[in-house]
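Have a look at data_38.txt below; it lists compact mmCIF, C-alpha atoms and all ligand atoms.
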```
# COMPACT_ATOMS: atom_id res chain seq x y z
CA MET P 23 15.56 10.81 -5.46
CA SER P 24 16.70 13.41 -7.97
CA ASP P 25 13.09 13.73 -9.11
CA TYR P 26 12.08 15.49 -5.90
CA SER P 27 11.97 19.27 -5.78
CA GLU P 28 14.87 21.18 -4.35
CA LEU P 29 14.41 23.18 -1.18
CA PRO P 30 12.66 25.37 -0.49
CA VAL P 31 9.62 23.82 -2.14
CA LEU P 32 7.48 26.58 -3.59
CA PRO P 33 3.67 26.63 -3.66
CA MET P 34 2.45 24.60 -6.59
CA SER P 35 -0.48 22.98 -8.30
CA ILE P 36 -0.26 19.25 -9.01
CA ARG P 37 -2.42 17.83 -11.77
CA PHE P 38 -3.68 14.26 -11.56
CA ASP P 39 -4.49 12.60 -14.88
CA HIS P 40 -6.92 9.87 -13.91
CA ALA P 41 -6.86 8.04 -17.23
CA ALA P 42 -3.07 7.96 -17.40
CA GLY P 43 -2.57 7.55 -13.66
CA THR P 44 0.10 10.22 -13.65
CA LEU P 45 0.90 13.32 -11.63
CA SER P 46 2.19 16.48 -13.24
CA PRO P 47 4.72 17.71 -12.38
CA ALA P 48 5.87 14.17 -11.65
CA GLY P 49 8.26 12.93 -9.01
CA PRO P 50 9.69 9.43 -8.57
CA THR P 51 7.80 6.33 -9.73
CA LEU P 52 8.11 3.02 -7.94
CA THR P 53 7.17 -0.33 -9.51
CA ARG P 54 6.70 -3.41 -7.35
CA ARG P 55 6.75 -6.78 -9.05
CA MET P 56 5.88 -10.15 -7.55
CA SER P 57 9.59 -10.71 -6.85
CA ASP P 58 9.59 -7.62 -4.61
CA LEU P 59 6.95 -9.23 -2.37
CA GLU P 60 9.12 -12.08 -1.15
CA GLY P 61 7.95 -13.53 2.17
CA LEU P 62 4.66 -11.63 2.14
CA PHE P 63 2.21 -14.17 0.73
CA LEU P 64 1.45 -17.04 3.10
CA ASP P 65 1.57 -19.62 0.28
CA GLN P 66 5.24 -19.62 -0.73
CA ASP P 67 4.70 -22.16 -3.52
CA ALA P 68 1.98 -20.02 -5.08
CA TRP P 69 4.29 -17.00 -4.87
CA LEU P 70 7.06 -18.96 -6.64
CA SER P 71 4.59 -20.00 -9.37
CA ALA P 72 3.58 -16.37 -9.90
CA LEU P 73 7.25 -15.46 -10.08
CA ALA P 74 7.89 -18.11 -12.73
CA ASP P 75 4.80 -16.93 -14.60
CA GLY P 76 6.44 -13.68 -15.75
CA ASP P 77 7.04 -11.90 -12.43
CA PRO P 78 4.04 -9.56 -13.00
CA ILE P 79 3.77 -5.99 -11.80
CA VAL P 80 1.62 -6.04 -8.64
CA TYR P 81 1.49 -2.31 -7.98
CA SER P 82 3.04 1.02 -8.85
CA VAL P 83 3.41 4.26 -6.93
CA VAL P 84 3.69 7.65 -8.63
CA SER P 85 4.80 10.48 -6.38
CA SER P 86 4.63 14.23 -6.62
CA ARG P 87 7.81 16.29 -6.42
CA VAL P 88 7.30 17.16 -2.75
CA PRO P 89 10.28 15.56 -0.97
CA GLU P 90 10.05 13.03 1.86
CA ILE P 91 11.56 15.20 4.55
CA ASP P 92 10.36 16.51 7.87
CA ARG P 93 7.60 19.16 7.80
CA GLU P 94 6.82 18.62 4.09
CA LEU P 95 3.61 16.83 3.10
CA PRO P 96 4.31 14.51 0.13
CA GLN P 97 1.60 12.78 -1.92
CA SER P 98 1.54 9.66 -4.03
CA ILE P 99 -0.94 7.62 -6.02
CA THR P 100 -0.73 3.85 -5.75
CA THR P 101 -2.38 1.52 -8.26
CA ILE P 102 -2.71 -2.15 -7.32
CA GLN P 103 -3.48 -4.56 -10.14
CA PRO P 104 -6.26 -7.11 -9.64
CA GLY P 105 -5.03 -10.58 -8.81
CA VAL P 106 -4.96 -13.44 -6.35
CA THR P 107 -1.96 -15.55 -5.29
CA GLY P 108 -2.55 -18.62 -3.14
CA GLY P 109 -6.05 -17.33 -2.35
CA GLU P 110 -4.68 -13.96 -1.16
CA PHE P 111 -5.65 -10.75 -2.90
CA TRP P 112 -2.81 -8.73 -4.41
CA MET P 113 -1.61 -6.06 -2.04
CA THR P 114 1.12 -3.62 -1.15
CA LYS P 115 4.06 -4.73 0.98
CA GLY P 116 2.72 -2.78 3.93
CA HIS P 117 4.79 -0.72 6.31
CA GLN P 118 5.01 0.98 9.65
CA HIS P 119 6.12 4.60 10.02
CA PRO P 120 9.23 4.41 12.24
CA ASN P 121 8.49 7.93 13.37
CA HIS P 122 4.85 7.30 14.34
CA GLN P 123 2.77 9.78 12.37
CA GLY P 124 -0.69 9.65 10.79
CA GLU P 125 -1.58 9.44 7.11
CA ILE P 126 -4.68 9.73 4.95
CA TYR P 127 -5.72 7.72 1.90
CA LEU P 128 -8.42 8.75 -0.57
CA GLY P 129 -10.00 6.09 -2.78
CA ILE P 130 -9.88 7.12 -6.45
CA SER P 131 -11.02 4.12 -8.48
CA GLY P 132 -11.65 0.43 -8.11
CA SER P 133 -12.49 -1.52 -5.02
CA GLY P 134 -9.96 -2.02 -2.28
CA GLY P 135 -9.31 -1.84 1.38
CA LEU P 136 -6.99 -0.57 4.03
CA LEU P 137 -5.69 -3.13 6.52
CA MET P 138 -4.22 -1.66 9.71
CA PHE P 139 -2.49 -3.31 12.68
CA ASP P 140 -1.15 -1.74 15.86
CA GLY P 141 0.61 -4.88 17.09
CA THR P 142 -2.52 -6.11 18.88
CA SER P 143 -5.67 -5.15 17.00
CA THR P 144 -6.48 -5.30 13.30
CA ASN P 145 -8.74 -2.83 11.53
CA TRP P 146 -10.16 -2.94 8.00
CA VAL P 147 -11.57 0.01 6.05
CA ASP P 148 -13.42 -0.65 2.78
CA MET P 149 -12.03 1.77 0.23
CA THR P 150 -14.18 2.87 -2.70
CA PRO P 151 -13.91 6.07 -4.75
CA GLY P 152 -14.42 9.00 -2.38
CA THR P 153 -13.63 7.12 0.84
CA ILE P 154 -11.05 8.73 3.10
CA GLY P 155 -9.21 6.16 5.19
CA TYR P 156 -7.41 7.50 8.24
CA ILE P 157 -4.28 5.76 9.52
CA PRO P 158 -3.52 6.85 13.09
CA PRO P 159 0.07 7.12 14.32
CA GLY P 160 1.51 3.71 15.26
CA TRP P 161 -0.73 1.61 13.00
CA ALA P 162 1.10 -0.40 10.33
CA HIS P 163 -0.85 -0.44 7.07
CA ARG P 164 -1.28 -2.31 3.82
CA SER P 165 -3.61 -1.73 0.88
CA VAL P 166 -5.40 -4.56 -0.88
CA ASN P 167 -7.25 -4.79 -4.20
CA VAL P 168 -10.36 -6.89 -3.60
CA GLY P 169 -11.94 -6.13 -6.98
CA LYS P 170 -11.51 -7.17 -10.59
CA GLU P 171 -10.23 -3.79 -11.82
CA PRO P 172 -7.11 -1.83 -10.81
CA TYR P 173 -7.53 -0.13 -7.44
CA SER P 174 -6.05 3.38 -7.09
CA PHE P 175 -5.79 5.66 -4.08
CA LEU P 176 -4.12 8.92 -3.12
CA ALA P 177 -1.88 8.96 -0.04
CA VAL P 178 -0.88 12.12 1.82
CA TYR P 179 1.68 11.67 4.56
CA PRO P 180 4.19 13.55 6.70
CA GLY P 181 7.51 13.65 4.88
CA GLY P 182 9.46 12.67 7.98
CA ALA P 183 7.37 9.58 8.80
CA GLY P 184 9.67 7.09 7.04
CA HIS P 185 8.80 3.60 5.79
CA ASP P 186 9.71 0.46 7.74
CA TYR P 187 8.88 -2.61 5.62
CA GLY P 188 10.73 -5.02 7.93
CA TRP P 189 8.19 -4.34 10.68
CA VAL P 190 5.52 -6.23 8.70
CA LEU P 191 7.83 -9.21 8.07
CA GLU P 192 8.47 -9.42 11.81
CA HIS P 193 5.05 -8.62 13.27
CA GLY P 194 2.65 -9.35 10.42
CA LEU P 195 -0.57 -7.39 10.05
CA GLY P 196 -2.86 -9.46 12.26
CA GLN P 197 -4.89 -10.79 9.35
CA ARG P 198 -4.72 -11.64 5.67
CA VAL P 199 -7.29 -10.66 3.07
CA CYS P 200 -8.33 -13.65 1.00
CA THR P 201 -10.97 -14.69 -1.49
CA GLU P 202 -13.43 -17.51 -0.96
CA ASN P 203 -16.56 -18.27 -2.99
CA ASP P 204 -16.03 -14.96 -4.85
CA GLY P 205 -16.19 -13.04 -1.55
CA VAL P 206 -13.69 -11.47 0.85
CA VAL P 207 -12.64 -13.40 3.96
CA PHE P 208 -10.04 -12.66 6.60
CA ARG P 209 -7.52 -15.21 7.83
CA ASP P 210 -4.97 -15.25 10.60
CA TYR P 211 -1.75 -13.67 9.37
CA PHE P 212 0.64 -16.42 10.45
CA THR P 213 -1.51 -19.59 10.39
CA GLY P 214 -3.95 -18.79 7.58
CA ALA P 215 -6.82 -20.05 9.78
CA ARG P 216 -10.24 -18.44 9.68
CA PRO P 217 -10.77 -16.43 12.89
FE FE Z 1 2.31 5.01 5.24
```
Show me this structure written as structure tokens.
Amino acid sequence: MSDYSELPVLPMSIRFDHAAGTLSPAGPTLTRRMSDLEGLFLDQDAWLSALADGDPIVYSVVSSRVPEIDRELPQSITTIQPGVTGGEFWMTKGHQHPNHQGEIYLGISGSGGLLMFDGTSTNWVDMTPGTIGYIPPGWAHRSVNVGKEPYSFLAVYPGGAGHDYGWVLEHGLGQRVCTENDGVVFRDYFTGARP
């Protein structure tokens, strides 16, 4: 957390280096490996195999120096590596904002999607470079790489929104995003059945 700016945060310009995938000035960087995604893939055996196969990096998140506190508007760039485990595309853990607030994503490169779930309904937004995906307050969300290249997107979110990852473990996200015959199919989150 020491990489965030001290208060008050002054007006600034943040440079995004697309090739390097870095922000400058840079804030904290988060790396999520397969071991960090315990309980999130439906096929537990496939997850264990991926773990044994070098515990690969699934995604990383580079943040700006704007702190995650109320009234500030932090940004981050997430890059999800291409991959499939147990038929499921590689993805972020997914979270709900405990303090229900909206968020926007902007597709930067690659081919991905934004899976949203409000506890009842599921919504999917195809994310390609230039697509803005809007996450309304109260919708849990996960990003998925459905392509063969890394998928990167910019997130801008209220600093006081918070991140509840346990919500997804308890409630799921309605559906799972899987591959079949080289295409994208959706399956029930808890049973894996085709809707
Ligand atoms: Fe979020």
Practice prompt. Calculate how many Å separate CA of Val178 in chain P from CA of Gly61 in chain P, rounding to one decimal.
Written response: 27.1 Å
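Closest approach to ligand FE 1 (chain Z) among P:Asp140, P:Asp148, P:Asp204, P:Asp186: P:Asp186, based on all atoms listed in the file.
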Practice prompt. Give me the residues within 8 Å of Met113 in chain P as a PyMOL selection string, counting all atoms listed in the file and dropping any in the same chain fewer than 5 places off.
Written response: chain P and resi 80-81+102+164-167
Worksheet item: Which one of P:Phe111, P:Tyr127, P:Trp146, P:Phe38 sits closest to ligand FE 1 (chain Z) if you count only C-alpha atoms and all ligand atoms?
Response: P:Tyr127
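Neighbours of ligand FE 1 (chain Z) at a cut-off of 7 Å, computed so that only C-alpha atoms and all ligand atoms are counted, are the residues His117, Gln118, His119, Glu125, His163, Tyr179 and His185 of chain P.
Take the candidates P:Ile91, P:Ile130, P:Ala41, P:Ala74 and check each one against Leu176 in chain P using only C-alpha atoms; the shortest distance goes to P:Ile130.
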Practice prompt. Take CA of Ile126 in chain P and CA of Tyr173 in chain P and report the distance between them in Å, one decimal.
Written response: 16.1 Å
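Across the model, the gap from CA of Met138 in chain P to CA of Gly194 in chain P is 10.3 Å.
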Repaired coordinates for range 117-140 of chain P (N, CA, C and O atoms) as a short mmCIF file (atom, residue, chain, number, x, y, z; two decimals), in the frame of the given file:
```cif
data_model
loop_
_atom_site.label_atom_id
_atom_site.label_comp_id
_atom_site.auth_asym_id
_atom_site.auth_seq_id
_atom_site.Cartn_x
_atom_site.Cartn_y
_atom_site.Cartn_z
N HIS P 117 3.68 -1.29 5.54
CA HIS P 117 4.79 -0.72 6.31
C HIS P 117 4.29 -0.08 7.60
O HIS P 117 3.10 0.17 7.77
N GLN P 118 5.25 0.19 8.45
CA GLN P 118 5.01 0.98 9.65
C GLN P 118 5.82 2.28 9.47
O GLN P 118 6.86 2.26 8.82
N HIS P 119 5.32 3.37 10.02
CA HIS P 119 6.12 4.60 10.02
C HIS P 119 7.02 4.56 11.26
O HIS P 119 6.50 4.59 12.38
N PRO P 120 8.34 4.47 11.08
CA PRO P 120 9.23 4.41 12.24
C PRO P 120 9.03 5.59 13.18
O PRO P 120 9.07 5.44 14.40
N ASN P 121 8.83 6.75 12.60
CA ASN P 121 8.49 7.93 13.37
C ASN P 121 6.97 8.03 13.33
O ASN P 121 6.39 8.51 12.38
N HIS P 122 6.31 7.46 14.36
CA HIS P 122 4.85 7.30 14.34
C HIS P 122 4.13 8.60 13.99
O HIS P 122 4.10 9.54 14.79
N GLN P 123 3.55 8.62 12.80
CA GLN P 123 2.77 9.78 12.37
C GLN P 123 1.60 9.28 11.54
O GLN P 123 1.66 8.20 10.95
N GLY P 124 0.53 10.04 11.50
CA GLY P 124 -0.69 9.65 10.79
C GLY P 124 -0.55 9.84 9.28
O GLY P 124 0.44 10.37 8.78
N GLU P 125 -1.58 9.36 8.58
CA GLU P 125 -1.58 9.44 7.11
C GLU P 125 -3.03 9.34 6.65
O GLU P 125 -3.85 8.73 7.34
N ILE P 126 -3.34 9.94 5.51
CA ILE P 126 -4.68 9.73 4.95
C ILE P 126 -4.59 9.14 3.55
O ILE P 126 -3.67 9.46 2.78
N TYR P 127 -5.56 8.29 3.24
CA TYR P 127 -5.72 7.72 1.90
C TYR P 127 -7.08 8.18 1.38
O TYR P 127 -8.04 8.26 2.15
N LEU P 128 -7.15 8.42 0.08
CA LEU P 128 -8.42 8.75 -0.57
C LEU P 128 -8.61 7.78 -1.73
O LEU P 128 -7.79 7.75 -2.66
N GLY P 129 -9.70 7.01 -1.70
CA GLY P 129 -10.00 6.09 -2.78
C GLY P 129 -10.30 6.85 -4.06
O GLY P 129 -11.08 7.81 -4.06
N ILE P 130 -9.69 6.44 -5.17
CA ILE P 130 -9.88 7.12 -6.45
C ILE P 130 -10.68 6.26 -7.42
O ILE P 130 -11.64 6.72 -8.03
N SER P 131 -10.28 5.01 -7.58
CA SER P 131 -11.02 4.12 -8.48
C SER P 131 -10.81 2.68 -8.06
O SER P 131 -9.83 2.34 -7.39
N GLY P 132 -11.73 1.85 -8.45
CA GLY P 132 -11.65 0.43 -8.11
C GLY P 132 -12.18 0.16 -6.71
O GLY P 132 -12.74 1.04 -6.05
N SER P 133 -11.94 -1.06 -6.29
CA SER P 133 -12.49 -1.52 -5.02
C SER P 133 -11.36 -2.15 -4.20
O SER P 133 -10.78 -3.15 -4.61
N GLY P 134 -11.08 -1.52 -3.09
CA GLY P 134 -9.96 -2.02 -2.28
C GLY P 134 -10.24 -1.89 -0.81
O GLY P 134 -11.38 -1.75 -0.37
N GLY P 135 -9.18 -1.97 -0.06
CA GLY P 135 -9.31 -1.84 1.38
C GLY P 135 -7.99 -1.50 2.01
O GLY P 135 -6.92 -1.64 1.41
N LEU P 136 -8.13 -1.02 3.25
CA LEU P 136 -6.99 -0.57 4.03
C LEU P 136 -6.93 -1.43 5.28
O LEU P 136 -7.84 -1.38 6.12
N LEU P 137 -5.89 -2.24 5.38
CA LEU P 137 -5.69 -3.13 6.52
C LEU P 137 -4.69 -2.47 7.46
O LEU P 137 -3.59 -2.10 7.05
N MET P 138 -5.09 -2.33 8.74
CA MET P 138 -4.22 -1.66 9.71
C MET P 138 -4.03 -2.56 10.93
O MET P 138 -4.92 -3.31 11.32
N PHE P 139 -2.84 -2.45 11.55
CA PHE P 139 -2.49 -3.31 12.68
C PHE P 139 -1.58 -2.53 13.62
O PHE P 139 -0.57 -1.97 13.19
N ASP P 140 -1.96 -2.51 14.89
CA ASP P 140 -1.15 -1.74 15.86
C ASP P 140 -0.28 -2.65 16.73
O ASP P 140 0.25 -2.22 17.75
#
```
